[in-house]
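Peer 1: Just coords_24.txt, nothing more (compact mmCIF, C-alpha atoms and all ligand atoms):
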# COMPACT_ATOMS: atom_id res chain seq x y z
CA MET W 1 -72.81 45.55 139.39
CA SER W 2 -72.23 49.17 138.44
CA VAL W 3 -69.12 51.32 138.19
CA ARG W 4 -69.19 55.01 138.91
CA ARG W 5 -66.87 57.82 139.84
CA LEU W 6 -66.75 58.42 143.58
CA VAL W 7 -67.84 61.85 144.78
CA PRO W 8 -67.65 63.78 148.04
CA GLY W 9 -69.78 61.81 150.50
CA ASP W 10 -68.28 58.46 149.40
CA GLU W 11 -65.42 58.67 151.94
CA THR W 12 -66.71 55.81 154.12
CA ALA W 13 -67.02 53.46 151.15
CA LEU W 14 -63.60 54.49 149.85
CA LEU W 15 -61.87 53.92 153.18
CA ALA W 16 -63.60 50.55 153.64
CA ILE W 17 -62.54 49.13 150.28
CA ARG W 18 -59.02 50.58 150.54
CA ALA W 19 -58.52 48.98 153.96
CA ARG W 20 -59.82 45.68 152.58
CA ALA W 21 -57.40 45.90 149.65
CA LEU W 22 -54.34 46.39 151.84
CA GLN W 23 -55.45 43.58 154.12
CA GLU W 24 -56.32 41.09 151.35
CA ALA W 25 -53.48 41.78 148.91
CA PRO W 26 -50.37 42.91 150.86
CA GLY W 27 -48.03 41.93 148.03
CA ALA W 28 -49.89 44.02 145.47
CA PHE W 29 -49.57 47.43 147.13
CA SER W 30 -46.58 49.42 148.35
CA SER W 31 -48.59 50.79 151.29
CA GLY W 32 -49.86 48.74 154.18
CA PRO W 33 -52.02 49.14 157.25
CA GLY W 34 -50.30 51.71 159.46
CA ASP W 35 -48.48 53.61 156.71
CA ASP W 36 -51.20 54.24 154.14
CA ARG W 37 -51.91 57.87 153.25
CA PHE W 38 -55.63 57.09 153.33
CA GLU W 39 -55.32 56.73 157.11
CA THR W 40 -54.40 60.41 157.43
CA PRO W 41 -57.50 62.27 158.67
CA GLY W 42 -59.03 64.26 155.83
CA PHE W 43 -57.06 62.53 153.05
CA ALA W 44 -60.05 60.72 151.55
CA ALA W 45 -62.23 63.82 151.65
CA ALA W 46 -59.52 65.91 149.99
CA LEU W 47 -58.98 63.26 147.31
CA LEU W 48 -62.67 63.11 146.42
CA ALA W 49 -62.90 66.89 146.40
CA ASP W 50 -59.92 67.23 144.01
CA PRO W 51 -61.35 67.78 140.51
CA GLU W 52 -58.08 66.56 138.93
CA SER W 53 -58.19 63.19 140.69
CA ALA W 54 -60.59 60.45 139.68
CA VAL W 55 -61.56 57.48 141.83
CA PHE W 56 -63.92 54.78 140.56
CA GLY W 57 -65.87 52.31 142.64
CA ALA W 58 -67.67 49.12 141.65
CA PHE W 59 -70.90 48.60 143.53
CA SER W 60 -72.99 45.51 144.10
CA GLY W 61 -75.23 46.78 146.87
CA ARG W 62 -72.08 48.09 148.57
CA ILE W 63 -68.65 48.95 147.24
CA VAL W 64 -66.76 45.84 146.04
CA GLY W 65 -63.98 47.30 143.90
CA LEU W 66 -61.78 50.35 143.43
CA VAL W 67 -59.32 52.02 141.06
CA GLY W 68 -57.93 55.55 140.87
CA ILE W 69 -56.19 57.95 138.50
CA HIS W 70 -53.77 60.53 139.89
CA PRO W 71 -53.81 64.03 138.42
CA PRO W 72 -51.44 64.54 135.49
CA GLY W 73 -48.00 65.93 136.19
CA LYS W 74 -47.13 69.54 135.52
CA GLY W 75 -45.15 70.95 132.60
CA LYS W 76 -42.88 68.32 131.09
CA THR W 77 -44.83 65.43 132.64
CA ALA W 78 -48.34 66.68 131.91
CA HIS W 79 -48.86 64.08 129.16
CA ALA W 80 -49.15 61.04 131.47
CA VAL W 81 -51.37 59.97 134.35
CA ASP W 82 -50.79 57.18 136.88
CA MET W 83 -53.34 54.54 137.74
CA TRP W 84 -53.38 53.28 141.33
CA GLY W 85 -55.12 50.99 143.76
CA LEU W 86 -56.94 48.44 141.60
CA PHE W 87 -58.76 45.97 143.81
CA VAL W 88 -61.82 43.73 143.64
CA GLU W 89 -63.12 41.86 146.66
CA PRO W 90 -62.36 38.13 146.34
CA ALA W 91 -66.05 37.11 146.29
CA HIS W 92 -66.66 39.29 143.21
CA ARG W 93 -63.61 38.32 141.14
CA GLY W 94 -63.72 36.58 137.78
CA ALA W 95 -66.91 38.33 136.70
CA GLY W 96 -65.52 41.30 134.79
CA VAL W 97 -65.51 43.81 137.65
CA GLY W 98 -61.78 44.51 137.43
CA ARG W 99 -61.95 44.96 133.67
CA SER W 100 -64.88 47.40 134.02
CA LEU W 101 -62.98 49.44 136.59
CA VAL W 102 -59.80 49.69 134.49
CA MET W 103 -61.80 50.56 131.38
CA ALA W 104 -63.62 53.34 133.26
CA ALA W 105 -60.29 54.73 134.43
CA VAL W 106 -58.83 54.55 130.92
CA GLU W 107 -61.88 56.28 129.45
CA TYR W 108 -61.48 59.04 131.99
CA ALA W 109 -57.77 59.42 131.16
CA ARG W 110 -58.57 59.58 127.46
CA SER W 111 -61.01 62.43 128.12
CA GLN W 112 -58.29 64.55 129.70
CA PRO W 113 -56.81 67.08 127.26
CA GLY W 114 -53.14 66.49 126.51
CA VAL W 115 -52.92 63.11 128.23
CA SER W 116 -51.27 60.47 125.99
CA TYR W 117 -50.37 57.67 128.42
CA VAL W 118 -51.69 55.80 131.42
CA ARG W 119 -48.88 54.40 133.57
CA LEU W 120 -48.93 51.94 136.44
CA ALA W 121 -46.80 49.52 138.38
CA VAL W 122 -47.78 45.93 139.07
CA THR W 123 -45.95 43.53 141.34
CA ASP W 124 -45.06 39.90 140.80
CA ALA W 125 -47.64 39.13 143.50
CA ALA W 126 -50.43 40.35 141.22
CA PRO W 127 -50.27 38.21 138.04
CA GLU W 128 -54.05 38.44 137.54
CA ALA W 129 -53.78 42.24 137.37
CA ALA W 130 -50.83 42.08 134.96
CA ALA W 131 -52.85 39.78 132.68
CA LEU W 132 -55.79 42.18 132.81
CA TYR W 133 -53.62 45.18 131.93
CA ARG W 134 -51.92 43.35 129.05
CA SER W 135 -55.30 42.25 127.68
CA LEU W 136 -56.25 45.94 127.44
CA GLY W 137 -53.08 46.89 125.59
CA PHE W 138 -50.73 47.93 128.39
CA VAL W 139 -47.10 47.09 127.60
CA ASP W 140 -44.19 46.46 129.94
CA CYS W 141 -41.72 49.36 130.27
CA GLY W 142 -39.31 48.12 132.91
CA TYR W 143 -38.76 45.80 135.82
CA GLU W 144 -37.40 46.43 139.31
CA SER W 145 -36.45 43.41 141.35
CA ASP W 146 -36.86 43.54 145.14
CA ALA W 147 -39.15 46.60 144.86
CA LEU W 148 -41.20 45.54 147.89
CA ARG W 149 -40.41 43.34 150.85
CA VAL W 150 -43.41 41.68 152.44
CA ASP W 151 -42.74 39.49 155.46
CA GLY W 152 -39.14 39.10 154.31
CA LEU W 153 -40.14 38.08 150.78
CA GLU W 154 -38.58 40.09 147.94
CA ILE W 155 -41.21 41.09 145.35
CA GLY W 156 -40.40 42.60 141.95
CA GLU W 157 -42.45 45.24 140.18
CA THR W 158 -43.14 45.83 136.48
CA SER W 159 -43.83 49.32 135.10
CA MET W 160 -46.49 49.30 132.39
CA ARG W 161 -47.86 51.91 130.05
CA LEU W 162 -50.90 52.24 127.81
CA THR W 163 -50.70 54.56 124.81
CA LEU W 164 -54.12 56.17 124.53
CA GLY W 165 -55.58 55.83 121.08
CA LEU W 166 -53.70 52.56 120.50
CA ASP W 167 -55.37 50.68 123.36
CA ARG W 168 -57.87 47.87 122.92
CA ALA W 169 -60.17 49.57 125.43
CA SER W 170 -60.99 52.11 122.71
CA ASP W 171 -61.64 49.51 119.98
CA GLY W 172 -65.33 49.14 120.64
C1 LIG W 201 -56.62 41.98 139.58
C2 LIG W 201 -58.08 41.98 140.01
C3 LIG W 201 -58.54 43.41 140.24
C4 LIG W 201 -58.92 41.38 138.85
O1 LIG W 201 -60.29 41.58 139.18
P1 LIG W 201 -61.43 40.66 138.52
O2 LIG W 201 -62.72 41.33 138.74
O3 LIG W 201 -61.30 39.27 139.00
O4 LIG W 201 -61.02 40.72 136.98
P2 LIG W 201 -61.96 40.38 135.74
O5 LIG W 201 -62.97 39.34 136.10
O6 LIG W 201 -62.48 41.66 135.18
O7 LIG W 201 -60.92 39.73 134.73
C5 LIG W 201 -60.30 40.54 133.75
C6 LIG W 201 -59.04 39.88 133.26
O8 LIG W 201 -58.08 39.79 134.32
C7 LIG W 201 -57.28 38.62 134.13
N1 LIG W 201 -57.53 37.72 135.24
C8 LIG W 201 -58.45 37.85 136.22
N2 LIG W 201 -58.35 36.83 137.09
C9 LIG W 201 -57.35 36.04 136.65
C10 LIG W 201 -56.76 34.84 137.13
N3 LIG W 201 -57.19 34.24 138.26
N4 LIG W 201 -55.73 34.32 136.43
C11 LIG W 201 -55.28 34.92 135.30
N5 LIG W 201 -55.82 36.06 134.79
C12 LIG W 201 -56.82 36.60 135.47
C13 LIG W 201 -57.74 38.02 132.82
O9 LIG W 201 -56.98 38.62 131.77
C14 LIG W 201 -59.17 38.48 132.75
O10 LIG W 201 -59.68 38.50 131.46
P3 LIG W 201 -60.53 37.21 130.90
O11 LIG W 201 -61.65 37.01 131.87
O12 LIG W 201 -60.98 37.65 129.55
O13 LIG W 201 -59.58 36.07 130.91
C15 LIG W 201 -58.31 41.12 141.28
O14 LIG W 201 -57.77 39.84 141.06
C16 LIG W 201 -57.69 41.71 142.54
O15 LIG W 201 -58.28 42.56 143.20
N6 LIG W 201 -56.46 41.27 142.90
C17 LIG W 201 -55.79 41.72 144.14
C18 LIG W 201 -55.35 43.17 144.05
C19 LIG W 201 -54.38 43.42 142.92
O16 LIG W 201 -53.65 42.56 142.48
N7 LIG W 201 -54.35 44.68 142.48
C20 LIG W 201 -53.50 45.12 141.40
C21 LIG W 201 -52.70 46.30 141.83
S1 LIG W 201 -51.61 46.85 140.50
For this file, write the structure as C-alpha cells.

Peer 2:
Amino acid sequence: MSVRRLVPGDETALLAIRARALQEAPGAFSSGPGDDRFETPGFAAALLADPESAVFGAFSGRIVGLVGIHPPGKGKTAHAVDMWGLFVEPAHRGAGVGRSLVMAAVEYARSQPGVSYVRLAVTDAAPEAAALYRSLGFVDCGYESDALRVDGLEIGETSMRLTLGLDRASDG
C-alpha cells in the first residue's frame, strides 16, 4: 500500500473512490449520491489542478482510500485548513491505511506557511474515524446534534481541531 498526492490525470480514480465512500458510509458524509459536488462535470479536474488544494489517495494496485485538505481561508481565517472526505474501502480497513492518509494530510498542512490548525467534522456514525483523529492529537471543539438526517435518523457531528506542532503525528 502506498499513499501519494493525487495529480491531474487521477480524476477517474478520485471519482471512483468518492462514489464508493458516499455509497458505503452515508452517515459519515454530508453529501450523498445526487447532490455531491464531485458529480458536477469538471469539478474533479479543477480540484486536482488547484495548487492550493491537496488530495491524497491510498493505492493497493488501485485506489482504496482518500482524504483531502481544502485551501486555507483568506485574511482572518488563513491560519486554518479543513480536512475532508476520509475513506478507506472496507476490505482494506484495520491495516493502517486510514492513519497513513491522515498523517499525509497533516504533514501537508504543516508544510503550508502560516497554517496553525487542521479542522474537521466527524459524525456520530463514524466512531472509528473519531478514534483515529483523537489518537493523532485532534481535540473536540464542539458538538451539533441533528447535524445530518439519513433515512430519518438524526446524526450528530463533532468539530475537531489539531494544533500543528502539538500533534502526535509530528512526534516521530
Ligand atoms: C475511519 C476509517 C478511514 C479508518 O480507516 P482504517 O484504515 O481502518 O484505519 P487504520 O487501520 O489506520 O486505524 C487507525 C486508527 O483508527 C481507529 N480505528 C480504526 N478502526 C477502528 C474500529 N473498528 N474501532 C475503533 N477504532 C478504530 C483506531 O484508533 C486505529 O488505531 P489503532 O489501530 O492503533 O487502534 C475507515 O473506518 C472508514 O473509511 N470509515 C468510513 C468512512 C468514515 O467514517 N470517514 C470519516 C469521515 S470524517

Peer 1: Counting all atoms listed in the file, which of W:Leu86, W:Ala13, W:Ala104, W:Ala46 gets nearest to Ala126 in chain W?

Peer 2: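 Among the listed residues, the smallest separation from Ala126 in chain W belongs to W:Leu86.
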
Peer 1: Return as JSON lines the residues of chain W lying at most 10 Å from ligand LIG 201 (chain W), together with the closest atom-to-atom pair for each and the distance in Å to one decimal, counting all atoms listed in the file, with rows in chain order and ascending residue number.

Peer 2:
{"residue": "W:Arg20", "atom": "CA", "partner": "W:LIG201", "partner_atom": "C18", "distance": 10.0}
{"residue": "W:Ala21", "atom": "CA", "partner": "W:LIG201", "partner_atom": "C18", "distance": 6.6}
{"residue": "W:Leu22", "atom": "CA", "partner": "W:LIG201", "partner_atom": "C18", "distance": 8.5}
{"residue": "W:Glu24", "atom": "CA", "partner": "W:LIG201", "partner_atom": "C17", "distance": 7.3}
{"residue": "W:Ala25", "atom": "CA", "partner": "W:LIG201", "partner_atom": "C17", "distance": 5.3}
{"residue": "W:Pro26", "atom": "CA", "partner": "W:LIG201", "partner_atom": "C18", "distance": 8.4}
{"residue": "W:Gly27", "atom": "CA", "partner": "W:LIG201", "partner_atom": "O16", "distance": 7.9}
{"residue": "W:Ala28", "atom": "CA", "partner": "W:LIG201", "partner_atom": "O16", "distance": 5.0}
{"residue": "W:Phe29", "atom": "CA", "partner": "W:LIG201", "partner_atom": "C21", "distance": 6.3}
{"residue": "W:Ser30", "atom": "CA", "partner": "W:LIG201", "partner_atom": "C21", "distance": 9.5}
{"residue": "W:Ala58", "atom": "CA", "partner": "W:LIG201", "partner_atom": "O2", "distance": 9.7}
{"residue": "W:Val64", "atom": "CA", "partner": "W:LIG201", "partner_atom": "O2", "distance": 9.5}
{"residue": "W:Gly65", "atom": "CA", "partner": "W:LIG201", "partner_atom": "O15", "distance": 7.4}
{"residue": "W:Leu66", "atom": "CA", "partner": "W:LIG201", "partner_atom": "C3", "distance": 8.3}
{"residue": "W:Val67", "atom": "CA", "partner": "W:LIG201", "partner_atom": "C3", "distance": 8.7}
{"residue": "W:Met83", "atom": "CA", "partner": "W:LIG201", "partner_atom": "S1", "distance": 8.4}
{"residue": "W:Trp84", "atom": "CA", "partner": "W:LIG201", "partner_atom": "S1", "distance": 6.7}
{"residue": "W:Gly85", "atom": "CA", "partner": "W:LIG201", "partner_atom": "C21", "distance": 5.6}
{"residue": "W:Leu86", "atom": "CA", "partner": "W:LIG201", "partner_atom": "N7", "distance": 4.6}
{"residue": "W:Phe87", "atom": "CA", "partner": "W:LIG201", "partner_atom": "O15", "distance": 3.5}
{"residue": "W:Val88", "atom": "CA", "partner": "W:LIG201", "partner_atom": "O15", "distance": 3.8}
{"residue": "W:Glu89", "atom": "CA", "partner": "W:LIG201", "partner_atom": "O15", "distance": 6.0}
{"residue": "W:Pro90", "atom": "CA", "partner": "W:LIG201", "partner_atom": "O15", "distance": 6.8}
{"residue": "W:Ala91", "atom": "CA", "partner": "W:LIG201", "partner_atom": "O3", "distance": 9.0}
{"residue": "W:His92", "atom": "CA", "partner": "W:LIG201", "partner_atom": "O2", "distance": 6.3}
{"residue": "W:Arg93", "atom": "CA", "partner": "W:LIG201", "partner_atom": "O3", "distance": 3.3}
{"residue": "W:Gly94", "atom": "CA", "partner": "W:LIG201", "partner_atom": "O5", "distance": 3.3}
{"residue": "W:Ala95", "atom": "CA", "partner": "W:LIG201", "partner_atom": "O5", "distance": 4.1}
{"residue": "W:Gly96", "atom": "CA", "partner": "W:LIG201", "partner_atom": "O6", "distance": 3.1}
{"residue": "W:Val97", "atom": "CA", "partner": "W:LIG201", "partner_atom": "O2", "distance": 3.9}
{"residue": "W:Gly98", "atom": "CA", "partner": "W:LIG201", "partner_atom": "O2", "distance": 3.6}
{"residue": "W:Arg99", "atom": "CA", "partner": "W:LIG201", "partner_atom": "O6", "distance": 3.7}
{"residue": "W:Ser100", "atom": "CA", "partner": "W:LIG201", "partner_atom": "O6", "distance": 6.3}
{"residue": "W:Leu101", "atom": "CA", "partner": "W:LIG201", "partner_atom": "O6", "distance": 7.9}
{"residue": "W:Val102", "atom": "CA", "partner": "W:LIG201", "partner_atom": "O6", "distance": 8.5}
{"residue": "W:Met103", "atom": "CA", "partner": "W:LIG201", "partner_atom": "O6", "distance": 9.7}
{"residue": "W:Leu120", "atom": "CA", "partner": "W:LIG201", "partner_atom": "S1", "distance": 7.0}
{"residue": "W:Ala121", "atom": "CA", "partner": "W:LIG201", "partner_atom": "S1", "distance": 5.9}
{"residue": "W:Val122", "atom": "CA", "partner": "W:LIG201", "partner_atom": "S1", "distance": 4.2}
{"residue": "W:Thr123", "atom": "CA", "partner": "W:LIG201", "partner_atom": "S1", "distance": 6.6}
{"residue": "W:Asp124", "atom": "CA", "partner": "W:LIG201", "partner_atom": "O16", "distance": 9.1}
{"residue": "W:Ala125", "atom": "CA", "partner": "W:LIG201", "partner_atom": "O16", "distance": 7.0}
{"residue": "W:Ala126", "atom": "CA", "partner": "W:LIG201", "partner_atom": "O16", "distance": 4.1}
{"residue": "W:Pro127", "atom": "CA", "partner": "W:LIG201", "partner_atom": "C11", "distance": 6.6}
{"residue": "W:Glu128", "atom": "CA", "partner": "W:LIG201", "partner_atom": "C12", "distance": 3.9}
{"residue": "W:Ala129", "atom": "CA", "partner": "W:LIG201", "partner_atom": "C1", "distance": 3.6}
{"residue": "W:Ala130", "atom": "CA", "partner": "W:LIG201", "partner_atom": "S1", "distance": 7.4}
{"residue": "W:Ala131", "atom": "CA", "partner": "W:LIG201", "partner_atom": "O9", "distance": 4.4}
{"residue": "W:Leu132", "atom": "CA", "partner": "W:LIG201", "partner_atom": "O8", "distance": 3.6}
{"residue": "W:Tyr133", "atom": "CA", "partner": "W:LIG201", "partner_atom": "O9", "distance": 7.4}
{"residue": "W:Arg134", "atom": "CA", "partner": "W:LIG201", "partner_atom": "O9", "distance": 7.4}
{"residue": "W:Ser135", "atom": "CA", "partner": "W:LIG201", "partner_atom": "O9", "distance": 5.7}
{"residue": "W:Leu136", "atom": "CA", "partner": "W:LIG201", "partner_atom": "O9", "distance": 8.5}
{"residue": "W:Glu157", "atom": "CA", "partner": "W:LIG201", "partner_atom": "S1", "distance": 9.3}
{"residue": "W:Thr158", "atom": "CA", "partner": "W:LIG201", "partner_atom": "S1", "distance": 9.4}
{"residue": "W:Ser159", "atom": "CA", "partner": "W:LIG201", "partner_atom": "S1", "distance": 9.8}
{"residue": "W:Met160", "atom": "CA", "partner": "W:LIG201", "partner_atom": "S1", "distance": 9.9}

Peer 1: Please compute the CA of Gly42 in chain W-CA of Ile63 in chain W distance, one decimal, in Å.

Peer 2: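 Pair CA of Gly42 in chain W / CA of Ile63 in chain W returns 20.0 Å.
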
Peer 1: Which residue, W:Phe56, W:Ala19, W:Thr12, W:Pro71, has the smallest gap to Ala44 in chain W when you use only C-alpha atoms?

Peer 2: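 Smallest separation from Ala44 in chain W among the options: W:Thr12.
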
Peer 1: Which polymer residues, protein or nucleic acid, are no farther than 8 Å from (-61.3, 60.6, 144.1), counting all atoms listed in the file, as a list in words?

Peer 2: Arg5, Leu6, Val7, Ala44, Leu47, Leu48, Ala49, Asp50, Ser53, Ala54, Val55, Phe56 and Gly68 of chain W

Peer 1: May I ask for the distance between CA of Gly57 in chain W and CA of Val3 in chain W, given in Å to one decimal place?

Peer 2: 5.6 Å

Peer 1: Would you mind listing what lies within 12 Å of Glu39 in chain W as a JSON list (two decimals) with C-alpha atoms, keeping the file's coordinate frame, with all atoms listed in the file counted and same-chain residues fewer than 5 positions away left out?

Peer 2:
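See out_30.json below for the written result:
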[["chain", "number", "residue", "atom", "x", "y", "z"],
["W", 11, "GLU", "CA", -65.42, 58.67, 151.94],
["W", 12, "THR", "CA", -66.71, 55.81, 154.12],
["W", 14, "LEU", "CA", -63.60, 54.49, 149.85],
["W", 15, "LEU", "CA", -61.87, 53.92, 153.18],
["W", 16, "ALA", "CA", -63.60, 50.55, 153.64],
["W", 18, "ARG", "CA", -59.02, 50.58, 150.54],
["W", 19, "ALA", "CA", -58.52, 48.98, 153.96],
["W", 22, "LEU", "CA", -54.34, 46.39, 151.84],
["W", 31, "SER", "CA", -48.59, 50.79, 151.29],
["W", 32, "GLY", "CA", -49.86, 48.74, 154.18],
["W", 33, "PRO", "CA", -52.02, 49.14, 157.25],
["W", 34, "GLY", "CA", -50.30, 51.71, 159.46],
["W", 44, "ALA", "CA", -60.05, 60.72, 151.55],
["W", 45, "ALA", "CA", -62.23, 63.82, 151.65]]

Peer 1: Please compute the CA of Arg4 in chain W-CA of Glu52 in chain W distance, one decimal, in Å.

Peer 2: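 Pair CA of Arg4 in chain W / CA of Glu52 in chain W returns 16.0 Å.
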
Peer 1: Given all atoms listed in the file as the basis, pick out the residue of W:Ser116, W:Phe59, W:Pro41, W:Asp36 nearest to Ser2 in chain W.

Peer 2: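 Answer, going by the shortest atom-to-atom distance: W:Phe59.
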